[in-house]
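Data block for model.cif (mmCIF, C-alpha atoms):
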```cif
data_protein
#
loop_
_atom_site.label_atom_id
_atom_site.label_comp_id
_atom_site.auth_asym_id
_atom_site.auth_seq_id
_atom_site.Cartn_x
_atom_site.Cartn_y
_atom_site.Cartn_z
CA MET A 240 0.00 0.00 0.00
CA GLU A 241 1.00 3.61 -0.45
CA ILE A 242 1.19 6.06 2.45
CA LYS A 243 -2.17 7.59 1.56
CA ASP A 244 -3.77 4.13 1.81
CA TYR A 245 -2.38 3.54 5.30
CA VAL A 246 -3.61 6.99 6.36
CA LYS A 247 -7.08 6.34 4.98
CA LYS A 248 -7.35 2.89 6.54
CA TYR A 249 -5.78 3.37 9.96
CA ASP A 250 -5.84 7.10 10.74
CA PRO A 251 -9.49 8.25 10.93
CA GLN A 252 -8.59 11.35 12.99
CA ASN A 253 -5.96 12.32 10.39
CA GLN A 254 -2.97 12.78 12.67
CA PHE A 255 -0.99 12.63 9.41
CA ASP A 256 -2.05 16.19 8.62
CA VAL A 257 -1.45 17.24 12.22
CA LEU A 258 2.15 16.06 11.88
CA ILE A 259 2.64 17.84 8.57
CA ASN A 260 1.37 21.10 10.04
CA THR A 261 2.98 20.91 13.48
CA TYR A 262 5.17 23.89 12.59
CA GLN A 263 1.99 25.99 12.83
CA GLN A 264 1.80 25.13 16.53
CA ILE A 265 5.20 26.75 17.00
CA GLU A 266 4.02 29.84 15.12
CA PHE A 267 0.96 30.08 17.37
CA ALA A 268 2.95 29.61 20.58
CA TRP A 269 5.55 32.21 19.65
CA LYS A 270 3.02 34.82 18.52
CA ASN A 271 0.72 34.14 21.47
CA GLN A 272 0.36 37.21 23.68
CA PHE A 273 0.08 36.87 27.44
CA VAL A 274 0.82 38.93 30.53
CA ILE A 275 2.98 37.77 33.42
CA ASP A 276 2.84 40.38 36.17
CA GLY A 277 4.10 40.46 39.71
CA ILE A 278 6.88 37.87 39.49
CA ASN A 279 10.20 39.08 40.87
CA THR A 280 12.65 36.85 39.00
CA SER A 281 15.62 38.00 41.09
CA GLU A 282 14.18 35.99 43.98
CA ILE A 283 13.81 32.73 42.04
CA SER A 284 16.05 29.96 43.38
CA ASN A 285 14.58 27.03 41.45
CA ILE A 286 12.02 26.22 38.77
CA ILE A 287 9.55 23.36 39.17
CA ILE A 288 7.55 22.37 36.10
CA SER A 289 4.64 20.08 36.93
CA GLY A 290 3.13 18.01 34.16
CA LEU A 291 2.57 14.51 32.86
CA GLY A 292 2.88 12.92 29.44
CA GLY A 293 3.53 15.38 26.65
CA SER A 294 3.66 18.34 29.05
CA ALA A 295 6.36 16.67 31.12
CA ILE A 296 8.30 15.71 27.99
CA SER A 297 8.34 19.39 27.02
CA ALA A 298 9.83 20.18 30.42
CA ASP A 299 12.45 17.44 29.98
CA LEU A 300 13.28 18.91 26.61
CA ILE A 301 13.59 22.41 28.10
CA LYS A 302 16.27 21.06 30.45
CA ASN A 303 18.26 19.64 27.51
CA TYR A 304 17.67 22.71 25.35
CA LEU A 305 18.79 25.18 28.03
CA VAL A 306 21.58 23.07 29.50
CA ASP A 307 24.18 25.77 28.78
CA ASP A 308 21.87 28.79 29.11
CA ILE A 309 20.29 28.85 32.54
CA GLU A 310 21.88 28.75 35.99
CA ILE A 311 18.66 28.24 37.94
CA PRO A 312 17.98 24.52 38.49
CA ILE A 313 14.93 23.11 36.69
CA ILE A 314 13.02 20.20 38.21
CA VAL A 315 10.38 18.23 36.30
CA ASN A 316 7.64 17.10 38.68
CA ARG A 317 5.49 14.15 37.61
CA ASN A 318 3.56 13.68 40.83
CA TYR A 319 0.71 14.90 43.04
CA SER A 320 2.98 16.65 45.52
CA LEU A 321 5.95 19.00 45.38
CA PRO A 322 9.45 18.38 46.72
CA LYS A 323 10.10 19.72 50.22
CA PHE A 324 12.39 22.48 48.95
CA ALA A 325 9.53 24.21 47.09
CA SER A 326 9.15 27.68 48.58
CA LYS A 327 8.15 31.28 47.94
CA ASN A 328 11.32 31.53 45.86
CA THR A 329 10.21 28.71 43.56
CA LEU A 330 8.89 29.48 40.09
CA PHE A 331 6.16 26.86 39.70
CA ILE A 332 4.83 26.22 36.19
CA ALA A 333 1.70 24.07 35.91
CA SER A 334 1.62 22.65 32.39
CA SER A 335 -1.45 20.62 31.44
CA TYR A 336 -2.76 20.65 27.89
CA SER A 337 -6.26 19.52 28.88
CA GLY A 338 -6.19 21.44 32.14
CA ASN A 339 -7.61 18.39 33.91
CA THR A 340 -4.50 16.36 34.74
CA GLU A 341 -5.20 15.42 38.34
CA GLU A 342 -1.55 15.16 39.42
CA THR A 343 -0.81 18.64 38.06
CA ILE A 344 -3.93 20.10 39.67
CA ALA A 345 -2.94 18.67 43.07
CA ALA A 346 0.60 20.07 42.72
CA LEU A 347 -0.80 23.45 41.64
CA LYS A 348 -2.98 23.64 44.74
CA GLN A 349 0.02 22.82 46.92
CA ALA A 350 2.12 25.48 45.16
CA ILE A 351 -0.60 28.05 45.89
CA GLY A 352 -0.56 27.04 49.56
CA ILE A 353 3.22 27.36 49.73
CA GLY A 354 3.17 30.75 48.03
CA CYS A 355 5.26 29.83 44.98
CA LYS A 356 5.50 32.21 42.04
CA ILE A 357 3.08 30.55 39.62
CA VAL A 358 2.41 30.45 35.87
CA CYS A 359 -0.10 28.09 34.23
CA ILE A 360 -0.05 26.75 30.66
CA THR A 361 -3.25 25.08 29.43
CA THR A 362 -6.15 25.04 26.99
CA GLY A 363 -8.67 25.31 29.82
CA GLY A 364 -10.15 22.84 32.28
CA GLU A 365 -9.65 22.95 36.05
CA VAL A 366 -6.20 24.53 35.73
CA GLU A 367 -7.74 27.55 34.01
CA VAL A 368 -10.52 27.73 36.61
CA ILE A 369 -7.98 27.75 39.45
CA ALA A 370 -5.76 30.27 37.67
CA ASN A 371 -8.67 32.65 37.13
CA SER A 372 -9.97 32.31 40.68
CA LYS A 373 -6.52 33.01 42.15
CA LYS A 374 -5.63 35.63 39.52
CA LEU A 375 -2.59 33.65 38.37
CA PRO A 376 -0.88 34.24 35.01
CA CYS A 377 -2.35 31.71 32.58
CA VAL A 378 -1.00 31.07 29.07
CA GLN A 379 -3.85 29.88 26.86
CA VAL A 380 -2.69 27.46 24.17
CA GLN A 381 -4.47 26.29 21.05
CA PRO A 382 -7.01 23.50 21.72
CA GLY A 383 -8.04 20.60 19.48
CA PHE A 384 -5.02 18.29 19.59
CA GLN A 385 -4.18 15.15 21.49
CA PRO A 386 -1.62 16.17 24.13
CA ARG A 387 1.21 14.11 22.65
CA TYR A 388 0.60 15.72 19.26
CA SER A 389 0.82 19.22 20.75
CA LEU A 390 4.51 19.42 21.68
CA GLY A 391 4.91 22.41 19.37
CA LEU A 392 2.50 24.26 21.64
CA SER A 393 3.60 23.01 25.04
CA PHE A 394 7.37 23.25 24.52
CA PHE A 395 7.46 26.62 22.80
CA SER A 396 4.91 28.13 25.21
CA LEU A 397 7.13 27.03 28.07
CA LEU A 398 10.18 28.46 26.33
CA LYS A 399 8.41 31.77 25.75
CA VAL A 400 7.36 32.00 29.40
CA LEU A 401 11.00 31.73 30.46
CA GLN A 402 11.96 34.30 27.84
CA GLU A 403 9.23 36.74 28.89
CA LEU A 404 10.45 36.45 32.47
CA LYS A 405 13.93 37.29 31.14
CA LEU A 406 15.38 34.13 32.64
CA ILE A 407 16.89 33.29 29.23
CA SER A 408 18.03 35.28 26.21
CA ASP A 409 15.86 35.92 23.15
CA GLN A 410 15.27 32.64 21.30
CA THR A 411 13.41 34.06 18.29
CA LYS A 412 16.05 33.30 15.65
CA ILE A 413 16.34 29.68 16.73
CA VAL A 414 12.55 29.33 16.90
CA GLU A 415 12.23 30.69 13.37
CA ASN A 416 14.86 28.19 12.26
CA VAL A 417 12.87 25.33 13.78
CA ILE A 418 9.62 26.54 12.20
CA SER A 419 11.28 26.54 8.79
CA LEU A 420 12.84 23.12 9.42
CA TRP A 421 9.62 21.44 10.58
CA LYS A 422 7.71 22.95 7.66
CA GLN A 423 10.26 21.58 5.21
CA LYS A 424 10.55 18.19 6.94
CA GLY A 425 6.77 17.86 7.20
CA ILE A 426 6.52 17.94 3.43
CA GLU A 427 9.51 15.61 3.06
CA TYR A 428 8.26 13.01 5.57
CA SER A 429 4.82 12.85 3.97
CA LYS A 430 6.16 11.65 0.60
CA GLU A 431 6.58 8.08 -0.56
CA GLY A 432 9.91 6.47 0.26
CA ASN A 433 10.90 9.13 2.80
CA PHE A 434 13.47 8.46 5.52
CA ALA A 435 10.97 8.35 8.41
CA TYR A 436 8.85 5.77 6.59
CA THR A 437 11.75 3.51 5.61
CA PHE A 438 13.19 3.74 9.14
CA ALA A 439 9.77 2.77 10.52
CA GLU A 440 9.60 -0.20 8.15
CA SER A 441 12.90 -1.43 9.57
CA LEU A 442 11.45 -1.38 13.11
CA VAL A 443 8.33 -3.44 12.41
CA GLY A 444 8.65 -6.78 14.19
CA PHE A 445 11.24 -5.50 16.67
CA ILE A 446 11.15 -4.14 20.21
CA PRO A 447 13.06 -0.83 20.07
CA VAL A 448 15.63 -0.12 22.77
CA ILE A 449 16.70 3.52 22.63
CA TYR A 450 19.88 4.95 24.10
CA SER A 451 20.51 8.68 24.42
CA VAL A 452 22.82 10.78 26.60
CA ALA A 453 22.11 12.26 30.02
CA ASP A 454 21.68 16.05 30.11
CA SER A 455 22.01 16.25 26.33
CA THR A 456 19.59 14.14 24.28
CA SER A 457 17.86 12.30 27.12
CA ALA A 458 14.52 13.96 26.37
CA VAL A 459 14.76 12.97 22.70
CA GLY A 460 15.24 9.31 23.58
CA TYR A 461 12.47 9.26 26.17
CA ARG A 462 10.05 11.13 23.90
CA PHE A 463 10.73 8.64 21.10
CA LYS A 464 10.12 5.73 23.47
CA CYS A 465 6.80 7.22 24.63
CA GLN A 466 5.66 7.97 21.08
CA LEU A 467 6.35 4.37 20.08
CA ASN A 468 4.29 3.26 23.09
CA GLU A 469 1.30 5.46 22.23
CA ASN A 470 1.34 5.93 18.47
CA SER A 471 2.71 2.51 17.53
CA LYS A 472 1.05 0.48 20.33
CA LEU A 473 4.45 -1.04 20.95
CA HIS A 474 6.64 -1.84 23.91
CA ALA A 475 9.79 0.27 23.64
CA PHE A 476 12.51 0.98 26.18
CA HIS A 477 14.90 3.84 26.87
CA ASN A 478 17.96 4.41 28.98
CA GLU A 479 20.75 6.96 29.21
CA ILE A 480 24.47 6.77 28.64
CA PRO A 481 26.66 6.70 30.66
CA GLU A 482 24.32 5.33 33.38
CA MET A 483 23.34 2.20 31.42
CA ASN A 484 27.03 1.32 31.15
CA HIS A 485 26.95 0.61 34.88
CA ASN A 486 24.00 -1.82 34.90
CA GLU A 487 21.83 -2.46 31.83
CA ILE A 488 24.82 -3.34 29.66
CA ILE A 489 25.08 -6.66 31.53
CA GLY A 490 21.56 -7.65 30.50
CA TRP A 491 22.71 -7.98 26.90
CA GLU A 492 25.04 -10.82 27.88
CA SER A 493 22.08 -13.20 27.96
CA TYR A 494 20.24 -11.75 24.96
CA GLN A 495 18.13 -14.29 23.10
CA GLU A 496 16.52 -13.05 19.91
CA LYS A 497 13.62 -15.50 20.08
CA LEU A 498 12.63 -14.16 23.52
CA PHE A 499 13.33 -10.45 23.03
CA HIS A 500 13.51 -9.58 19.34
CA SER A 501 14.98 -6.12 19.74
CA LYS A 502 16.76 -3.43 17.78
CA ILE A 503 18.93 -0.79 19.42
CA ILE A 504 18.56 2.84 18.34
CA ASN A 505 21.36 5.17 19.38
CA ILE A 506 20.59 8.89 19.47
CA VAL A 507 23.92 10.47 18.53
CA ASP A 508 25.22 14.03 18.41
CA GLU A 509 28.55 15.64 17.60
CA THR A 510 28.66 17.57 20.89
CA TYR A 511 28.93 14.48 23.06
CA HIS A 512 31.95 14.28 25.35
CA PRO A 513 34.78 12.30 23.66
CA GLN A 514 34.44 9.55 26.25
CA ILE A 515 30.71 9.31 25.53
CA GLN A 516 31.42 8.93 21.82
CA LYS A 517 33.95 6.24 22.65
CA ARG A 518 31.35 4.46 24.79
CA PHE A 519 28.96 4.32 21.83
CA GLU A 520 31.64 2.71 19.66
CA ILE A 521 32.46 0.11 22.30
CA LEU A 522 28.76 -0.62 22.83
CA LYS A 523 28.30 -1.31 19.12
CA ASP A 524 30.90 -4.07 19.36
CA ILE A 525 29.33 -5.50 22.51
CA PHE A 526 25.84 -5.48 21.00
CA SER A 527 27.11 -7.03 17.78
CA LYS A 528 28.68 -9.92 19.70
CA SER A 529 25.35 -10.41 21.48
CA GLY A 530 23.62 -10.65 18.11
CA VAL A 531 21.50 -7.52 18.34
CA GLU A 532 21.31 -4.98 15.51
CA THR A 533 22.23 -1.35 16.20
CA VAL A 534 21.13 1.69 14.19
CA SER A 535 21.62 5.41 14.79
CA LEU A 536 19.53 8.56 14.56
CA LYS A 537 21.40 11.81 14.02
CA SER A 538 20.59 15.37 12.95
CA ASN A 539 22.89 17.27 10.62
CA GLU A 540 21.61 20.73 11.53
CA LYS A 541 24.26 23.28 12.57
CA LEU A 542 22.93 24.32 15.99
CA PHE A 543 22.50 21.91 18.90
CA LYS A 544 19.12 23.36 19.88
CA VAL A 545 17.82 22.92 16.35
CA ARG A 546 19.20 19.38 16.21
CA LEU A 547 17.24 18.50 19.36
CA LEU A 548 13.99 19.63 17.78
CA ASP A 549 14.89 17.95 14.49
CA LEU A 550 15.34 14.63 16.31
CA ILE A 551 12.08 15.10 18.22
CA TYR A 552 10.21 15.63 14.95
CA ILE A 553 11.69 12.64 13.12
CA GLY A 554 10.85 10.45 16.12
CA ASP A 555 7.23 11.56 15.99
CA TRP A 556 7.00 10.67 12.31
CA ILE A 557 8.71 7.30 12.72
CA SER A 558 6.36 6.32 15.55
CA TYR A 559 3.35 7.33 13.44
CA TYR A 560 4.48 5.17 10.54
CA VAL A 561 5.31 2.19 12.77
CA GLY A 562 1.74 2.39 14.07
CA VAL A 563 -0.04 2.40 10.73
CA LEU A 564 2.36 -0.16 9.25
CA ARG A 565 1.40 -2.47 12.12
CA GLY A 566 -2.28 -1.81 11.45
CA TYR A 567 -3.02 0.43 14.43
CA ASP A 568 -4.79 3.76 14.75
CA PRO A 569 -2.10 6.21 15.98
CA SER A 570 -4.77 8.23 17.82
CA GLU A 571 -6.27 5.44 19.92
CA ILE A 572 -5.21 5.30 23.60
CA ASP A 573 -8.02 3.20 25.11
CA ASN A 574 -6.04 1.91 28.09
CA ILE A 575 -5.29 5.46 29.23
CA TYR A 576 -8.97 6.41 28.99
CA THR A 577 -9.96 3.24 30.88
CA LEU A 578 -7.50 4.04 33.66
CA LYS A 579 -8.68 7.64 33.99
CA GLU A 580 -12.33 6.58 34.05
CA ARG A 581 -11.75 4.06 36.83
CA LEU A 582 -9.76 6.59 38.88
CA ARG A 583 -12.74 8.94 39.12
#
```
Starting from the file, give its structure as structure tokens.
Amino acid sequence: MEIKDYVKKYDPQNQFDVLINTYQQIEFAWKNQFVIDGINTSEISNIIISGLGGSAISADLIKNYLVDDIEIPIIVNRNYSLPKFASKNTLFIASSYSGNTEETIAALKQAIGIGCKIVCITTGGEVEVIANSKKLPCVQVQPGFQPRYSLGLSFFSLLKVLQELKLISDQTKIVENVISLWKQKGIEYSKEGNFAYTFAESLVGFIPVIYSVADSTSAVGYRFKCQLNENSKLHAFHNEIPEMNHNEIIGWESYQEKLFHSKIINIVDETYHPQIQKRFEILKDIFSKSGVETVSLKSNEKLFKVRLLDLIYIGDWISYYVGVLRGYDPSEIDNIYTLKERLR
């Protein structure tokens, strides 16, 4: 079948077009006007970003993206409660696309009680209700997407909040670069025989194991893993180098293809520490001796920040194609809905 046939048969909500036009989410987020008053940034000692799923991934990505730009520590909170060090000097950002993520709502209420400096990012829901009732700054993002397909909104809204608070330098030129790149790649990845499609074909029948690098591309690897889980309806696993060299590496000694038919995907980048690059080369030899195939994903863009977003985007496309090639609707997430319904 051709791509259009897979889209017609397995993608009734047309996430294919959403992927093509994701660059428009960035445009919306960067042009979006909002007011953040009354926050004294000179008092901020730490930043806590509370979110789950796609919202948390955006926060993870912010940490990688700003690794050399921001001196204030950023903590990603994926829970109902805040760490004990949260205080009046904490910038607390509640990020929930739906506005109804119960863990984020609970953390937001606690942040209000503590007296944190608060900003909310949402399309509406309970988060908006709380923000309005407490007169908290609330960044309204574009509705109508599944949260995992709205990273262009959640990530760039978060980035703009930090820029508006003057915690980071102006990112406009890089953002414009990413908009142009995603627009170009969206057209490219929608055509027959494109790289994302052929890479996805090579993953069908395998369990992907993704390795990226701590504090550099860790968010890329984890995002890719999660997208394969949700879009492809596939078990996928992720770990970070160098940490996995101290534990998980031993698991490959007993690898048996018939029990765990896997393929390793290394997320690589030219900025890695020389010893990290050497570790990847050694791991290839170790994996080869264990009988497991290794492939790499790399961006050739000039700037590290742009390469991060390039890798995020290719991962989204690959996971989409793996899903439809396996005969699954990339939109369907029934188990998540079942869980949420039973939690009520």
For this session: Name the residues in contact with A:Gln381 at a cut-off of 8 Å, using only C-alpha atoms, excluding same-chain residues fewer than 4 positions from it; report them as a VMD selection string.
Result: chain A and resid 264 267 362 392
Exercise. Given the file above and the PyMOL selection byres ((chain A and resi 553) around 10), which residues are selected, and can you give them as a VMD selection string?
Worked result: chain A and resid 421 424 to 425 428 434 to 436 438 463 536 to 538 548 to 552 554 to 559
Exercise. Pick the closest to A:Val448 from A:Phe526, A:Ile521, A:Asn416, A:Gly290: which is it, counting all atoms listed in the file?
Worked result: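 Looking at the shortest contact to A:Val448, the residue is A:Phe526.
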Problem set entry | Spatial neighbours of A:Thr343, 10 Å, all atoms listed in the file, chain gap at least 6 places, as a list of chain:residue names | A:Ile288, A:Ser289, A:Gly290, A:Leu291, A:Asn316, A:Arg317, A:Asn318, A:Tyr319, A:Ser320, A:Leu321, A:Ile332, A:Ala333, A:Ser334, A:Ser335, A:Gln349, A:Val366
Take the residues from that selection and put them in a file with C-alpha atoms, as a short mmCIF file (atom, residue, chain, number, x, y, z; two decimals), in the coordinates of the input.
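Listing of result.cif after writing:
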```
data_model
loop_
_atom_site.label_atom_id
_atom_site.label_comp_id
_atom_site.auth_asym_id
_atom_site.auth_seq_id
_atom_site.Cartn_x
_atom_site.Cartn_y
_atom_site.Cartn_z
CA ILE A 288 7.55 22.37 36.10
CA SER A 289 4.64 20.08 36.93
CA GLY A 290 3.13 18.01 34.16
CA LEU A 291 2.57 14.51 32.86
CA ASN A 316 7.64 17.10 38.68
CA ARG A 317 5.49 14.15 37.61
CA ASN A 318 3.56 13.68 40.83
CA TYR A 319 0.71 14.90 43.04
CA SER A 320 2.98 16.65 45.52
CA LEU A 321 5.95 19.00 45.38
CA ILE A 332 4.83 26.22 36.19
CA ALA A 333 1.70 24.07 35.91
CA SER A 334 1.62 22.65 32.39
CA SER A 335 -1.45 20.62 31.44
CA GLN A 349 0.02 22.82 46.92
CA VAL A 366 -6.20 24.53 35.73
#
```
Problem set entry | Matched chain/residue IDs from the PyMOL selection byres ((chain A and resi 422) around 8), as an MDAnalysis selection string | chainID A and resid 259:262 418:421 423:426
Box for stretch 450-460 of chain A: with edges along x, y and z, all listed atoms inside and 5 Å added on each side, what are the centre and edge lengths in Å to one decimal, as AutoDock Vina command-line options?
```
--center_x 18.7 --center_y 10.6 --center_z 26.4 --size_x 18.3 --size_y 21.3 --size_z 17.4
```
For this session: Between A:Ser527, A:Ser389, A:Gln410, A:Asn484, single out the one closest to A:Tyr304, counting all atoms listed in the file.
Result: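 Comparing A:Ser527, A:Ser389, A:Gln410, A:Asn484 against A:Tyr304, the winner is A:Gln410.
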At a cut-off of 10 Å, can you tabulate as a Markdown table every residue of stretch 406-468 of chain A near stretch 514-519 of chain A together with its closest atom pair and the distance in Å to one decimal, using all atoms listed in the file and ordering rows by chain then number?
```
| residue | atom | partner | partner_atom | distance |
| --- | --- | --- | --- | --- |
| A:Tyr450 | CA | A:Phe519 | CA | 9.4 |
| A:Ser451 | CA | A:Phe519 | CA | 9.9 |
| A:Val452 | CA | A:Ile515 | CA | 8.1 |
```
Exercise. Any idea what the distance is between atom CA of A:Gly460 and atom CA of A:Ile286?
Worked result: 23.0 Å
Exercise. Rounded to one decimal in Å, what is the spacing between atom CA of A:Tyr576 and atom CA of A:Lys472?
Worked result: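 The value is 14.5 Å.
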Seminar exercise, completed: Among A:Asn253, A:Pro376, A:Ile525, A:Val368, A:Gly277 is approached most closely, using only C-alpha atoms, by A:Pro376
For this session: Output the residue selection produced by the PyMOL selection byres ((chain A and resi 241) around 10) on the file above, formatted as a ChimeraX atom specification.
Result: /A:240,242-246,430-432
Problem set entry | Which residue of A:Ser337, A:Ser326, A:Ser535, A:Thr411 approaches A:Lys270 most closely, using all atoms listed in the file |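 The answer is A:Thr411, which sits nearest to A:Lys270.
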Exercise. Quick one: distance from atom CA of A:Phe273 to atom CA of A:Asn303 in Å, one decimal?
Worked result: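 One can read the atom CA of A:Phe273 to atom CA of A:Asn303 distance as 25.0 Å.
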For this session: For each of A:Leu401, A:Leu467, A:Ala458, A:Leu390, take the minimum atom-to-atom distance to A:Tyr560, counting all atoms listed in the file, then give the residue where this is smallest.
Result: A:Leu467
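Closest approach to A:Ile351 among A:Ser471, A:Gln254, A:Gln495, A:Thr329: A:Thr329, based on all atoms listed in the file.
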For this session: Give me the residues within 12 Å of A:Gln252 as a ChimeraX atom specification, counting only C-alpha atoms and dropping any in the same chain fewer than 4 places off.
Result: /A:246-248,256-258,383-385,388,568-571
Exercise. Got a sec to check which residues sit within 10 Å of (28.3, -9.8, 29.4), counting all atoms listed in the file, and write them as an NGL selection string?
Worked result: :A and (488-494 or 525-526 or 528-529)
